[in-house]
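Inspection log for the structure reproduced underneath, given as structure tokens.
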Amino acid sequence: EVQDSICQWQAYITEHFYTCTDEILLCLGDMYASGGDFTTNIDKMGGEGTAEFAEKAIKAYCGK
């Protein structure tokens, strides 16, 4: 279920913004969990630890 959500997120970015390759998606995951505003805002919306969870889910999806 989580992997399907990551796939949908990647497709959404590609459809609405730019081609979101696995490499770009991995970089986004790193940014989400790197601290600062990205992490704060993601955790604010999904609860503490959401950004780190998203990073791990993206890495699993991309096979890293």
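FYI, nothing fancy with the structure tokens labels: chains A, B, ... in order, residues from 1 per chain, ligands from 1 as they appear.
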
Practice task
For Gly49 (chain A), list every protein, DNA or RNA residue within 12 Å, evaluated using only C-alpha atoms, and leave out those in the same chain fewer than 5 positions away; present the list as a PyMOL selection string.
Solution key: chain A and resi 32-35+39-44+54-56

Save the residues we just selected, C-alpha atoms, as a short mmCIF file (atom, residue, chain, number, x, y, z; two decimals), in the first residue's frame?
```
data_model
loop_
_atom_site.label_atom_id
_atom_site.label_comp_id
_atom_site.auth_asym_id
_atom_site.auth_seq_id
_atom_site.Cartn_x
_atom_site.Cartn_y
_atom_site.Cartn_z
CA TYR A 32 12.17 15.47 3.29
CA ALA A 33 14.13 13.89 6.16
CA SER A 34 17.18 16.18 6.22
CA GLY A 35 15.80 18.48 8.88
CA THR A 39 10.97 17.92 7.74
CA THR A 40 9.10 20.30 10.03
CA ASN A 41 6.27 20.88 7.56
CA ILE A 42 5.90 17.22 6.57
CA ASP A 43 5.89 16.13 10.20
CA LYS A 44 3.42 18.90 11.03
CA ALA A 54 8.57 8.86 3.68
CA GLU A 55 12.32 8.84 3.05
CA LYS A 56 12.55 5.15 3.97
#
```

Problem - Every residue of chain A that DSSP places in helix (DSSP H, G or I), as a count of residues only - result: 49

Practice task
Name all residues at most 12 Å from Lys64 (chain A) (count only C-alpha atoms; drop same-chain ones fewer than 4 positions away) and give them as a list in words.
Solution key: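 Within the cut-off, the hits are Asp22, Glu23, Leu25, Leu26, Cys27, Gly29, Glu55, Lys56, Ala57, Ile58, Lys59 and Ala60 of chain A.
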
Practice task
Would you list the contacts of Glu1 (chain A) as a PyMOL selection string, taking every protein, DNA or RNA residue within 12 Å and counting only C-alpha atoms, but skipping same-chain residues closer than 5 positions in sequence?
Solution key: chain A and resi 6-8+57+61

Using N, CA, C and O atoms, can you export the residues from the last selection as a PDB file, in the first residue's frame?
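Written out: part-v4.pdb:
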```pdb
ATOM      1  N   ILE A   6       3.771   5.779  -3.042  1.00  0.00           N
ATOM      2  CA  ILE A   6       4.999   6.396  -3.550  1.00  0.00           C
ATOM      3  C   ILE A   6       4.952   6.450  -5.077  1.00  0.00           C
ATOM      4  O   ILE A   6       5.304   7.471  -5.686  1.00  0.00           O
ATOM      5  N   CYS A   7       4.501   5.386  -5.694  1.00  0.00           N
ATOM      6  CA  CYS A   7       4.362   5.347  -7.151  1.00  0.00           C
ATOM      7  C   CYS A   7       3.412   6.445  -7.631  1.00  0.00           C
ATOM      8  O   CYS A   7       3.696   7.150  -8.602  1.00  0.00           O
ATOM      9  N   GLN A   8       2.290   6.599  -6.951  1.00  0.00           N
ATOM     10  CA  GLN A   8       1.326   7.642  -7.302  1.00  0.00           C
ATOM     11  C   GLN A   8       1.925   9.034  -7.103  1.00  0.00           C
ATOM     12  O   GLN A   8       1.679   9.937  -7.908  1.00  0.00           O
ATOM     13  N   ALA A  57      10.427   4.892   2.824  1.00  0.00           N
ATOM     14  CA  ALA A  57       9.509   4.291   1.844  1.00  0.00           C
ATOM     15  C   ALA A  57       9.991   4.561   0.423  1.00  0.00           C
ATOM     16  O   ALA A  57       9.930   3.675  -0.445  1.00  0.00           O
ATOM     17  N   TYR A  61      11.081   1.821  -2.328  1.00  0.00           N
ATOM     18  CA  TYR A  61      10.442   1.833  -3.643  1.00  0.00           C
ATOM     19  C   TYR A  61      11.487   1.854  -4.760  1.00  0.00           C
ATOM     20  O   TYR A  61      11.346   1.169  -5.779  1.00  0.00           O
TER      21      TYR A  61
END
```

Handout entry: Counting only C-alpha atoms, the option among A:Ile24, A:Ala11, A:Cys62, A:Ala51 closest to Asp37 (chain A)
Key =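 Answer, going by the shortest atom-to-atom distance: A:Ala51.
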